[in-house]
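Asks: Enclosed is the structure file upload27.txt (compact mmCIF, N, CA and C atoms).
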```
# COMPACT_ATOMS: atom_id res chain seq x y z
N MET N 1 12.10 13.74 -4.48
CA MET N 1 10.85 13.03 -4.71
C MET N 1 11.09 11.55 -4.37
N PRO N 2 10.37 11.01 -3.40
CA PRO N 2 10.57 9.62 -3.01
C PRO N 2 10.21 8.64 -4.13
N LYS N 3 10.99 7.60 -4.26
CA LYS N 3 10.71 6.54 -5.21
C LYS N 3 10.05 5.38 -4.46
N ILE N 4 9.00 4.85 -5.07
CA ILE N 4 8.32 3.68 -4.52
C ILE N 4 8.39 2.57 -5.55
N THR N 5 8.73 1.38 -5.09
CA THR N 5 8.74 0.20 -5.95
C THR N 5 7.53 -0.65 -5.60
N TYR N 6 6.69 -0.88 -6.58
CA TYR N 6 5.52 -1.75 -6.44
C TYR N 6 5.87 -3.09 -7.06
N VAL N 7 5.66 -4.16 -6.31
CA VAL N 7 5.97 -5.50 -6.80
C VAL N 7 4.67 -6.29 -6.88
N SER N 8 4.35 -6.74 -8.09
CA SER N 8 3.11 -7.51 -8.27
C SER N 8 3.29 -8.91 -7.69
N SER N 9 2.20 -9.63 -7.58
CA SER N 9 2.26 -11.00 -7.05
C SER N 9 3.05 -11.93 -7.98
N THR N 10 3.24 -11.52 -9.24
CA THR N 10 4.02 -12.32 -10.19
C THR N 10 5.49 -11.90 -10.24
N GLY N 11 5.83 -10.85 -9.46
CA GLY N 11 7.21 -10.39 -9.41
C GLY N 11 7.53 -9.21 -10.30
N HIS N 12 6.56 -8.74 -11.09
CA HIS N 12 6.78 -7.57 -11.94
C HIS N 12 6.94 -6.33 -11.07
N THR N 13 7.97 -5.53 -11.35
CA THR N 13 8.19 -4.32 -10.56
C THR N 13 7.91 -3.07 -11.37
N THR N 14 7.34 -2.09 -10.69
CA THR N 14 7.11 -0.77 -11.27
C THR N 14 7.64 0.25 -10.27
N ILE N 15 8.53 1.11 -10.71
CA ILE N 15 9.10 2.14 -9.84
C ILE N 15 8.52 3.48 -10.25
N VAL N 16 8.00 4.21 -9.27
CA VAL N 16 7.41 5.52 -9.55
C VAL N 16 8.00 6.58 -8.63
N ASP N 17 7.98 7.80 -9.10
CA ASP N 17 8.30 8.95 -8.27
C ASP N 17 7.00 9.42 -7.64
N ALA N 18 6.99 9.53 -6.33
CA ALA N 18 5.77 9.93 -5.62
C ALA N 18 5.96 11.32 -5.03
N ASP N 19 4.96 12.15 -5.17
CA ASP N 19 5.00 13.45 -4.54
C ASP N 19 4.92 13.27 -3.03
N GLU N 20 5.74 14.00 -2.31
CA GLU N 20 5.67 13.97 -0.86
C GLU N 20 4.28 14.45 -0.45
N GLY N 21 3.65 13.75 0.49
CA GLY N 21 2.32 14.10 0.95
C GLY N 21 1.21 13.32 0.29
N THR N 22 1.51 12.61 -0.80
CA THR N 22 0.51 11.77 -1.44
C THR N 22 0.50 10.43 -0.71
N THR N 23 -0.45 9.59 -1.01
CA THR N 23 -0.48 8.26 -0.41
C THR N 23 0.12 7.24 -1.37
N VAL N 24 0.50 6.11 -0.82
CA VAL N 24 1.01 5.01 -1.63
C VAL N 24 -0.04 4.60 -2.66
N MET N 25 -1.31 4.63 -2.27
CA MET N 25 -2.40 4.29 -3.19
C MET N 25 -2.50 5.30 -4.32
N ARG N 26 -2.54 6.59 -4.00
CA ARG N 26 -2.69 7.63 -5.03
C ARG N 26 -1.50 7.64 -5.99
N ALA N 27 -0.30 7.39 -5.50
CA ALA N 27 0.87 7.32 -6.37
C ALA N 27 0.73 6.16 -7.35
N ALA N 28 0.19 5.05 -6.89
CA ALA N 28 -0.01 3.89 -7.77
C ALA N 28 -1.05 4.21 -8.84
N ILE N 29 -2.18 4.76 -8.43
CA ILE N 29 -3.25 5.09 -9.37
C ILE N 29 -2.76 6.11 -10.40
N ALA N 30 -2.07 7.14 -9.94
CA ALA N 30 -1.60 8.21 -10.84
C ALA N 30 -0.60 7.70 -11.86
N ASN N 31 0.08 6.61 -11.54
CA ASN N 31 1.11 6.07 -12.43
C ASN N 31 0.70 4.77 -13.11
N GLY N 32 -0.58 4.43 -13.03
CA GLY N 32 -1.09 3.26 -13.74
C GLY N 32 -0.57 1.93 -13.24
N VAL N 33 -0.25 1.84 -11.96
CA VAL N 33 0.24 0.59 -11.40
C VAL N 33 -0.92 -0.39 -11.28
N ASP N 34 -0.78 -1.57 -11.87
CA ASP N 34 -1.81 -2.60 -11.78
C ASP N 34 -1.78 -3.23 -10.39
N GLY N 35 -2.97 -3.63 -9.92
CA GLY N 35 -3.04 -4.39 -8.68
C GLY N 35 -3.59 -3.62 -7.50
N ILE N 36 -3.79 -2.32 -7.65
CA ILE N 36 -4.43 -1.53 -6.60
C ILE N 36 -5.68 -0.92 -7.22
N PHE N 37 -6.85 -1.31 -6.69
CA PHE N 37 -8.11 -0.88 -7.29
C PHE N 37 -8.70 0.36 -6.63
N ALA N 38 -8.57 0.47 -5.32
CA ALA N 38 -9.04 1.66 -4.60
C ALA N 38 -10.49 1.99 -4.91
N GLU N 39 -11.35 1.01 -4.80
CA GLU N 39 -12.76 1.19 -5.15
C GLU N 39 -13.45 2.28 -4.34
N CYS N 40 -13.02 2.51 -3.10
CA CYS N 40 -13.69 3.52 -2.27
C CYS N 40 -13.02 4.88 -2.41
N GLY N 41 -11.99 4.98 -3.22
CA GLY N 41 -11.32 6.25 -3.44
C GLY N 41 -10.40 6.69 -2.32
N GLY N 42 -10.04 5.77 -1.45
CA GLY N 42 -9.10 6.10 -0.38
C GLY N 42 -9.76 6.48 0.93
N GLN N 43 -10.93 5.93 1.20
CA GLN N 43 -11.68 6.27 2.41
C GLN N 43 -11.61 5.19 3.49
N THR N 44 -10.71 4.22 3.33
CA THR N 44 -10.57 3.11 4.29
C THR N 44 -11.89 2.36 4.46
N MET N 45 -12.53 2.08 3.32
CA MET N 45 -13.83 1.43 3.38
C MET N 45 -13.96 0.18 2.50
N CYS N 46 -12.88 -0.21 1.79
CA CYS N 46 -13.09 -1.33 0.88
C CYS N 46 -11.96 -2.37 0.90
N ALA N 47 -10.78 -2.03 1.33
CA ALA N 47 -9.63 -2.94 1.39
C ALA N 47 -9.12 -3.39 0.02
N THR N 48 -9.46 -2.65 -1.06
CA THR N 48 -8.96 -3.02 -2.38
C THR N 48 -7.66 -2.29 -2.73
N CYS N 49 -7.01 -1.76 -1.70
CA CYS N 49 -5.68 -1.15 -1.88
C CYS N 49 -4.69 -1.81 -0.92
N HIS N 50 -5.00 -3.03 -0.52
CA HIS N 50 -4.18 -3.82 0.40
C HIS N 50 -2.79 -4.05 -0.19
N VAL N 51 -1.76 -3.82 0.61
CA VAL N 51 -0.38 -4.10 0.22
C VAL N 51 0.36 -4.72 1.40
N TYR N 52 1.50 -5.30 1.08
CA TYR N 52 2.41 -5.82 2.09
C TYR N 52 3.66 -4.93 2.05
N LEU N 53 3.97 -4.30 3.17
CA LEU N 53 5.15 -3.44 3.23
C LEU N 53 6.42 -4.28 3.36
N ASP N 54 7.47 -3.84 2.71
CA ASP N 54 8.77 -4.44 2.92
C ASP N 54 9.14 -4.24 4.38
N ASP N 55 9.75 -5.22 5.00
CA ASP N 55 10.00 -5.21 6.45
C ASP N 55 10.69 -3.95 6.96
N GLN N 56 11.63 -3.40 6.20
CA GLN N 56 12.36 -2.23 6.69
C GLN N 56 11.50 -0.99 6.81
N PHE N 57 10.28 -1.01 6.25
CA PHE N 57 9.42 0.16 6.29
C PHE N 57 8.19 0.00 7.18
N THR N 58 8.03 -1.15 7.82
CA THR N 58 6.81 -1.38 8.60
C THR N 58 6.67 -0.40 9.77
N GLN N 59 7.76 0.04 10.33
CA GLN N 59 7.69 0.96 11.46
C GLN N 59 7.76 2.43 11.05
N SER N 60 7.90 2.71 9.76
CA SER N 60 8.07 4.09 9.32
C SER N 60 6.75 4.82 9.07
N PHE N 61 5.65 4.12 9.23
CA PHE N 61 4.33 4.72 9.11
C PHE N 61 3.62 4.63 10.45
N PRO N 62 2.64 5.49 10.70
CA PRO N 62 1.86 5.37 11.95
C PRO N 62 1.23 3.99 12.06
N ALA N 63 0.99 3.57 13.28
CA ALA N 63 0.40 2.25 13.53
C ALA N 63 -0.99 2.14 12.90
N VAL N 64 -1.42 0.92 12.67
CA VAL N 64 -2.75 0.64 12.15
C VAL N 64 -3.79 1.16 13.15
N ASP N 65 -4.75 1.95 12.66
CA ASP N 65 -5.81 2.43 13.56
C ASP N 65 -6.99 1.46 13.51
N GLU N 66 -8.02 1.76 14.28
CA GLU N 66 -9.16 0.85 14.41
C GLU N 66 -9.88 0.60 13.08
N ASP N 67 -10.09 1.65 12.28
CA ASP N 67 -10.77 1.49 10.99
C ASP N 67 -9.95 0.62 10.04
N GLU N 68 -8.65 0.90 9.96
CA GLU N 68 -7.81 0.10 9.07
C GLU N 68 -7.74 -1.34 9.54
N ASP N 69 -7.64 -1.53 10.85
CA ASP N 69 -7.59 -2.88 11.42
C ASP N 69 -8.83 -3.69 11.02
N GLU N 70 -9.99 -3.05 11.10
CA GLU N 70 -11.23 -3.71 10.72
C GLU N 70 -11.23 -4.08 9.24
N MET N 71 -10.80 -3.16 8.38
CA MET N 71 -10.79 -3.44 6.95
C MET N 71 -9.75 -4.49 6.57
N LEU N 72 -8.65 -4.53 7.28
CA LEU N 72 -7.62 -5.54 6.98
C LEU N 72 -8.13 -6.96 7.26
N GLU N 73 -9.15 -7.06 8.08
CA GLU N 73 -9.76 -8.37 8.33
C GLU N 73 -10.63 -8.81 7.15
N ALA N 74 -10.90 -7.91 6.22
CA ALA N 74 -11.78 -8.20 5.09
C ALA N 74 -11.03 -8.25 3.76
N THR N 75 -9.72 -8.36 3.78
CA THR N 75 -8.96 -8.38 2.53
C THR N 75 -9.18 -9.69 1.78
N ALA N 76 -9.04 -9.63 0.46
CA ALA N 76 -9.23 -10.81 -0.38
C ALA N 76 -8.14 -11.85 -0.15
N CYS N 77 -6.93 -11.40 0.12
CA CYS N 77 -5.80 -12.30 0.39
C CYS N 77 -5.43 -12.21 1.87
N ASP N 78 -4.67 -13.16 2.31
CA ASP N 78 -4.32 -13.24 3.72
C ASP N 78 -3.75 -11.95 4.28
N ARG N 79 -4.18 -11.62 5.47
CA ARG N 79 -3.59 -10.51 6.22
C ARG N 79 -2.33 -11.05 6.89
N LEU N 80 -1.24 -10.31 6.70
CA LEU N 80 0.03 -10.67 7.32
C LEU N 80 0.44 -9.56 8.28
N ASP N 81 1.50 -9.78 9.03
CA ASP N 81 1.98 -8.77 9.98
C ASP N 81 2.33 -7.46 9.29
N ASN N 82 2.72 -7.52 8.02
CA ASN N 82 3.12 -6.31 7.29
C ASN N 82 2.03 -5.79 6.34
N SER N 83 0.80 -6.26 6.52
CA SER N 83 -0.33 -5.80 5.71
C SER N 83 -0.73 -4.39 6.10
N ARG N 84 -1.01 -3.59 5.09
CA ARG N 84 -1.52 -2.23 5.28
C ARG N 84 -2.45 -1.88 4.14
N LEU N 85 -3.29 -0.88 4.37
CA LEU N 85 -4.09 -0.30 3.29
C LEU N 85 -3.30 0.88 2.76
N SER N 86 -2.99 0.85 1.49
CA SER N 86 -2.11 1.88 0.92
C SER N 86 -2.75 3.26 0.88
N CYS N 87 -4.07 3.33 1.05
CA CYS N 87 -4.74 4.64 1.06
C CYS N 87 -4.39 5.46 2.28
N GLY N 88 -3.92 4.82 3.33
CA GLY N 88 -3.59 5.53 4.55
C GLY N 88 -2.11 5.76 4.77
N LEU N 89 -1.30 5.38 3.80
CA LEU N 89 0.15 5.50 3.94
C LEU N 89 0.64 6.75 3.23
N VAL N 90 0.83 7.82 3.99
CA VAL N 90 1.26 9.10 3.43
C VAL N 90 2.77 9.09 3.26
N VAL N 91 3.21 9.39 2.05
CA VAL N 91 4.62 9.32 1.68
C VAL N 91 5.35 10.60 2.08
N THR N 92 6.52 10.42 2.69
CA THR N 92 7.43 11.53 3.00
C THR N 92 8.79 11.21 2.38
N ASP N 93 9.71 12.15 2.45
CA ASP N 93 11.06 11.90 1.94
C ASP N 93 11.72 10.72 2.63
N ALA N 94 11.32 10.43 3.87
CA ALA N 94 11.87 9.30 4.62
C ALA N 94 11.49 7.96 3.99
N HIS N 95 10.51 7.97 3.10
CA HIS N 95 10.06 6.73 2.46
C HIS N 95 10.71 6.48 1.10
N ASP N 96 11.71 7.27 0.76
CA ASP N 96 12.42 7.04 -0.50
C ASP N 96 12.97 5.62 -0.50
N GLY N 97 12.66 4.86 -1.54
CA GLY N 97 13.10 3.48 -1.64
C GLY N 97 12.08 2.48 -1.11
N LEU N 98 10.91 2.97 -0.70
CA LEU N 98 9.85 2.11 -0.19
C LEU N 98 9.53 1.02 -1.20
N VAL N 99 9.37 -0.20 -0.69
CA VAL N 99 8.97 -1.33 -1.53
C VAL N 99 7.68 -1.89 -0.95
N VAL N 100 6.67 -1.98 -1.81
CA VAL N 100 5.40 -2.59 -1.41
C VAL N 100 5.10 -3.75 -2.34
N HIS N 101 4.59 -4.81 -1.76
CA HIS N 101 4.22 -6.01 -2.52
C HIS N 101 2.71 -6.09 -2.55
N MET N 102 2.17 -6.36 -3.72
CA MET N 102 0.72 -6.43 -3.86
C MET N 102 0.26 -7.89 -3.76
N PRO N 103 -0.89 -8.09 -3.15
CA PRO N 103 -1.41 -9.45 -3.05
C PRO N 103 -1.86 -9.98 -4.41
N GLU N 104 -2.11 -11.25 -4.46
CA GLU N 104 -2.55 -11.89 -5.70
C GLU N 104 -3.88 -11.34 -6.18
N SER N 105 -4.74 -10.96 -5.24
CA SER N 105 -6.06 -10.46 -5.59
C SER N 105 -6.49 -9.39 -4.60
N GLN N 106 -7.30 -8.45 -5.06
CA GLN N 106 -7.87 -7.42 -4.20
C GLN N 106 -9.37 -7.63 -4.01
N ARG N 107 -9.93 -8.54 -4.75
CA ARG N 107 -11.38 -8.77 -4.69
C ARG N 107 -11.68 -10.23 -4.46
```
Translate this structure into structure tokens?
Replies:
Amino acid sequence: MPKITYVSSTGHTTIVDADEGTTVMRAAIANGVDGIFAECGGQTMCATCHVYLDDQFTQSFPAVDEDEDEMLEATACDRLDNSRLSCGLVVTDAHDGLVVHMPESQR
């Protein structure tokens, strides 16, 4: 079971076991991780699940598609090169040790 470390904007860390095949967003919601709101329920329509991937994992997920790219332009905090919407990041065993940083705000 892959472990994901969520790091809040204040530096607080939460480590969760994620089921393979779930998304980074759903693992956060299921484990009560603060900082991911997922207002649209994971439909790539709201950008309230914005995260910054740790550099070593930026290439381990499929590239940003057109819908995600559009939503990343609407995030509450700055879009960076490692910005992603966690609703589209499907976890596999290869993501064990994944570290995601949450922005200061999602709204």
Asks: Check the DSSP output for the backbone and give back, as a PyMOL selection string, the residues of range 12-87 of chain N in helix (DSSP H, G or I).
Replies: chain N and resi 24-30+55-57+66-72+86-87
Asks: Pick the closest to Glu20 in chain N from N:Gln56, N:Pro2, N:Cys49, N:Ile36: which is it, counting only C-alpha atoms?
Replies: N:Pro2
Asks: Quick one: residues within 8 Å of range 60-73 of chain N, only C-alpha atoms, excluding same-chain residues fewer than 3 positions away - as a PyMOL selection string?
Replies: chain N and resi 44-47+50+57+79+83-85+89-90+94-95
Asks: Give, as lines of an AutoDock Vina configuration file, the centre coordinates and the x, y and z edge lengths in Å to one decimal for an axis-aligned box around all listed atoms of range 8-22 of chain N, padded by 8 Å on each side.
Replies:
```
center_x = 4.8
center_y = 1.1
center_z = -5.5
size_x = 24.6
size_y = 42.8
size_z = 28.9
```
Asks: Residues within 8 Å of Val33 in chain N, please, as JSON, numbers by chain. Count only N, CA and C atoms; anything in the same chain fewer than 4 positions from it doesn't count.
Replies: {"N": [6, 14, 27, 28, 29, 37]}
Asks: When DSSP is applied to the backbone of this structure, which of chain N are assigned strand (DSSP E)? Write them out as a list in words.
Replies: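 So, restricting chain N to strand (DSSP E), we get Lys3, Ile4, Thr5, Tyr6, Val7, Thr13, Thr14, Ile15, Val16, Asp17, His50, Val51, Tyr52, Leu53, Ser83, Arg84, Leu85, Leu98, Val99, Val100 and His101 of chain N.
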Asks: Using N, CA and C atoms, can you export the residues from the last selection as a PDB file, keeping the file's coordinate frame?
Replies:
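Wrote it out as again01.pdb, contents follow:
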```
ATOM      1  N   LYS N   3      10.990   7.600  -4.260  1.00  0.00           N
ATOM      2  CA  LYS N   3      10.710   6.540  -5.210  1.00  0.00           C
ATOM      3  C   LYS N   3      10.050   5.380  -4.460  1.00  0.00           C
ATOM      4  N   ILE N   4       9.000   4.850  -5.070  1.00  0.00           N
ATOM      5  CA  ILE N   4       8.320   3.680  -4.520  1.00  0.00           C
ATOM      6  C   ILE N   4       8.390   2.570  -5.550  1.00  0.00           C
ATOM      7  N   THR N   5       8.730   1.380  -5.090  1.00  0.00           N
ATOM      8  CA  THR N   5       8.740   0.200  -5.950  1.00  0.00           C
ATOM      9  C   THR N   5       7.530  -0.650  -5.600  1.00  0.00           C
ATOM     10  N   TYR N   6       6.690  -0.880  -6.580  1.00  0.00           N
ATOM     11  CA  TYR N   6       5.520  -1.750  -6.440  1.00  0.00           C
ATOM     12  C   TYR N   6       5.870  -3.090  -7.060  1.00  0.00           C
ATOM     13  N   VAL N   7       5.660  -4.160  -6.310  1.00  0.00           N
ATOM     14  CA  VAL N   7       5.970  -5.500  -6.800  1.00  0.00           C
ATOM     15  C   VAL N   7       4.670  -6.290  -6.880  1.00  0.00           C
ATOM     16  N   THR N  13       7.970  -5.530 -11.350  1.00  0.00           N
ATOM     17  CA  THR N  13       8.190  -4.320 -10.560  1.00  0.00           C
ATOM     18  C   THR N  13       7.910  -3.070 -11.370  1.00  0.00           C
ATOM     19  N   THR N  14       7.340  -2.090 -10.690  1.00  0.00           N
ATOM     20  CA  THR N  14       7.110  -0.770 -11.270  1.00  0.00           C
ATOM     21  C   THR N  14       7.640   0.250 -10.270  1.00  0.00           C
ATOM     22  N   ILE N  15       8.530   1.110 -10.710  1.00  0.00           N
ATOM     23  CA  ILE N  15       9.100   2.140  -9.840  1.00  0.00           C
ATOM     24  C   ILE N  15       8.520   3.480 -10.250  1.00  0.00           C
ATOM     25  N   VAL N  16       8.000   4.210  -9.270  1.00  0.00           N
ATOM     26  CA  VAL N  16       7.410   5.520  -9.550  1.00  0.00           C
ATOM     27  C   VAL N  16       8.000   6.580  -8.630  1.00  0.00           C
ATOM     28  N   ASP N  17       7.980   7.800  -9.100  1.00  0.00           N
ATOM     29  CA  ASP N  17       8.300   8.950  -8.270  1.00  0.00           C
ATOM     30  C   ASP N  17       7.000   9.420  -7.640  1.00  0.00           C
ATOM     31  N   HIS N  50      -5.000  -3.030  -0.520  1.00  0.00           N
ATOM     32  CA  HIS N  50      -4.180  -3.820   0.400  1.00  0.00           C
ATOM     33  C   HIS N  50      -2.790  -4.050  -0.190  1.00  0.00           C
ATOM     34  N   VAL N  51      -1.760  -3.820   0.610  1.00  0.00           N
ATOM     35  CA  VAL N  51      -0.380  -4.100   0.220  1.00  0.00           C
ATOM     36  C   VAL N  51       0.360  -4.720   1.400  1.00  0.00           C
ATOM     37  N   TYR N  52       1.500  -5.300   1.080  1.00  0.00           N
ATOM     38  CA  TYR N  52       2.410  -5.820   2.090  1.00  0.00           C
ATOM     39  C   TYR N  52       3.660  -4.930   2.050  1.00  0.00           C
ATOM     40  N   LEU N  53       3.970  -4.300   3.170  1.00  0.00           N
ATOM     41  CA  LEU N  53       5.150  -3.440   3.230  1.00  0.00           C
ATOM     42  C   LEU N  53       6.420  -4.280   3.360  1.00  0.00           C
ATOM     43  N   SER N  83       0.800  -6.260   6.520  1.00  0.00           N
ATOM     44  CA  SER N  83      -0.330  -5.800   5.710  1.00  0.00           C
ATOM     45  C   SER N  83      -0.730  -4.390   6.100  1.00  0.00           C
ATOM     46  N   ARG N  84      -1.010  -3.590   5.090  1.00  0.00           N
ATOM     47  CA  ARG N  84      -1.520  -2.230   5.280  1.00  0.00           C
ATOM     48  C   ARG N  84      -2.450  -1.880   4.140  1.00  0.00           C
ATOM     49  N   LEU N  85      -3.290  -0.880   4.370  1.00  0.00           N
ATOM     50  CA  LEU N  85      -4.090  -0.300   3.290  1.00  0.00           C
ATOM     51  C   LEU N  85      -3.300   0.880   2.760  1.00  0.00           C
ATOM     52  N   LEU N  98      10.910   2.970  -0.700  1.00  0.00           N
ATOM     53  CA  LEU N  98       9.850   2.110  -0.190  1.00  0.00           C
ATOM     54  C   LEU N  98       9.530   1.020  -1.200  1.00  0.00           C
ATOM     55  N   VAL N  99       9.370  -0.200  -0.690  1.00  0.00           N
ATOM     56  CA  VAL N  99       8.970  -1.330  -1.530  1.00  0.00           C
ATOM     57  C   VAL N  99       7.680  -1.890  -0.950  1.00  0.00           C
ATOM     58  N   VAL N 100       6.670  -1.980  -1.810  1.00  0.00           N
ATOM     59  CA  VAL N 100       5.400  -2.590  -1.410  1.00  0.00           C
ATOM     60  C   VAL N 100       5.100  -3.750  -2.340  1.00  0.00           C
ATOM     61  N   HIS N 101       4.590  -4.810  -1.760  1.00  0.00           N
ATOM     62  CA  HIS N 101       4.220  -6.010  -2.520  1.00  0.00           C
ATOM     63  C   HIS N 101       2.710  -6.090  -2.550  1.00  0.00           C
TER      64      HIS N 101
END
```
Asks: Quick one: everything within 12 Å of His12 in chain N, counting only C-alpha atoms, minus sequence neighbours fewer than 6 positions away in the same chain. Send it as a VMD selection string.
Replies: chain N and resid 5 to 6 33 to 35 100 to 102
Asks: Would you work out the distance separating CA of Arg107 in chain N from CA of Ser8 in chain N, expressed in Å to one decimal?
Replies: 15.0 Å
Asks: Rounded to one decimal, what separation in Å do you get between atom N of Lys3 in chain N and atom C of Ala30 in chain N?
Replies: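 Separating atom N of Lys3 in chain N from atom C of Ala30 in chain N is a distance of 13.9 Å.
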Asks: Distance atom N of Ala18 in chain N-atom C of Gly42 in chain N, one decimal place?
Replies: 18.5 Å
Asks: Restricting the calculation to all atoms listed in the file: of N:Asp54, N:Glu39, N:Asp93, N:Glu104, which residue gets closest to Ser9 in chain N?
Replies: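 That would be N:Glu104, the residue with the smallest distance to Ser9 in chain N.
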Asks: Would you kindly place all heavy atoms on range 17-25 of chain N and return the model as an mmCIF file, in the frame of the given file?
Replies:
```cif
data_model
loop_
_atom_site.group_PDB
_atom_site.id
_atom_site.type_symbol
_atom_site.label_atom_id
_atom_site.label_comp_id
_atom_site.auth_asym_id
_atom_site.auth_seq_id
_atom_site.Cartn_x
_atom_site.Cartn_y
_atom_site.Cartn_z
ATOM 1 N N ASP N 17 7.980 7.800 -9.100
ATOM 2 C CA ASP N 17 8.300 8.950 -8.270
ATOM 3 C C ASP N 17 7.000 9.420 -7.640
ATOM 4 O O ASP N 17 6.026 9.672 -8.351
ATOM 5 C CB ASP N 17 8.903 10.085 -9.108
ATOM 6 C CG ASP N 17 10.287 9.761 -9.630
ATOM 7 O OD1 ASP N 17 11.078 9.165 -8.867
ATOM 8 O OD2 ASP N 17 10.580 10.096 -10.792
ATOM 9 N N ALA N 18 6.990 9.530 -6.330
ATOM 10 C CA ALA N 18 5.770 9.930 -5.620
ATOM 11 C C ALA N 18 5.960 11.320 -5.030
ATOM 12 O O ALA N 18 7.015 11.617 -4.464
ATOM 13 C CB ALA N 18 5.464 8.931 -4.507
ATOM 14 N N ASP N 19 4.960 12.150 -5.170
ATOM 15 C CA ASP N 19 5.000 13.450 -4.540
ATOM 16 C C ASP N 19 4.920 13.270 -3.030
ATOM 17 O O ASP N 19 4.106 12.481 -2.534
ATOM 18 C CB ASP N 19 3.820 14.317 -4.991
ATOM 19 C CG ASP N 19 3.930 14.740 -6.442
ATOM 20 O OD1 ASP N 19 5.068 14.931 -6.917
ATOM 21 O OD2 ASP N 19 2.881 14.877 -7.101
ATOM 22 N N GLU N 20 5.740 14.000 -2.310
ATOM 23 C CA GLU N 20 5.670 13.970 -0.860
ATOM 24 C C GLU N 20 4.280 14.450 -0.450
ATOM 25 O O GLU N 20 3.751 15.415 -0.999
ATOM 26 C CB GLU N 20 6.750 14.849 -0.251
ATOM 27 C CG GLU N 20 6.833 14.714 1.245
ATOM 28 C CD GLU N 20 8.004 15.452 1.850
ATOM 29 O OE1 GLU N 20 8.658 16.231 1.135
ATOM 30 O OE2 GLU N 20 8.242 15.246 3.037
ATOM 31 N N GLY N 21 3.650 13.750 0.490
ATOM 32 C CA GLY N 21 2.320 14.100 0.950
ATOM 33 C C GLY N 21 1.210 13.320 0.290
ATOM 34 O O GLY N 21 0.061 13.361 0.743
ATOM 35 N N THR N 22 1.510 12.610 -0.800
ATOM 36 C CA THR N 22 0.510 11.770 -1.440
ATOM 37 C C THR N 22 0.500 10.430 -0.710
ATOM 38 O O THR N 22 1.358 10.155 0.129
ATOM 39 C CB THR N 22 0.788 11.589 -2.939
ATOM 40 O OG1 THR N 22 -0.366 11.019 -3.572
ATOM 41 C CG2 THR N 22 1.987 10.698 -3.194
ATOM 42 N N THR N 23 -0.450 9.590 -1.010
ATOM 43 C CA THR N 23 -0.480 8.260 -0.410
ATOM 44 C C THR N 23 0.120 7.240 -1.370
ATOM 45 O O THR N 23 0.199 7.471 -2.579
ATOM 46 C CB THR N 23 -1.912 7.830 -0.039
ATOM 47 O OG1 THR N 23 -2.688 7.721 -1.245
ATOM 48 C CG2 THR N 23 -2.548 8.802 0.947
ATOM 49 N N VAL N 24 0.500 6.110 -0.820
ATOM 50 C CA VAL N 24 1.010 5.010 -1.630
ATOM 51 C C VAL N 24 -0.040 4.600 -2.660
ATOM 52 O O VAL N 24 0.285 4.314 -3.808
ATOM 53 C CB VAL N 24 1.437 3.834 -0.721
ATOM 54 C CG1 VAL N 24 1.787 2.601 -1.534
ATOM 55 C CG2 VAL N 24 2.600 4.244 0.182
ATOM 56 N N MET N 25 -1.310 4.630 -2.270
ATOM 57 C CA MET N 25 -2.400 4.290 -3.190
ATOM 58 C C MET N 25 -2.500 5.300 -4.320
ATOM 59 O O MET N 25 -2.559 4.928 -5.489
ATOM 60 C CB MET N 25 -3.733 4.236 -2.437
ATOM 61 C CG MET N 25 -4.933 3.924 -3.319
ATOM 62 S SD MET N 25 -6.467 4.607 -2.677
ATOM 63 C CE MET N 25 -6.332 6.318 -3.187
#
```
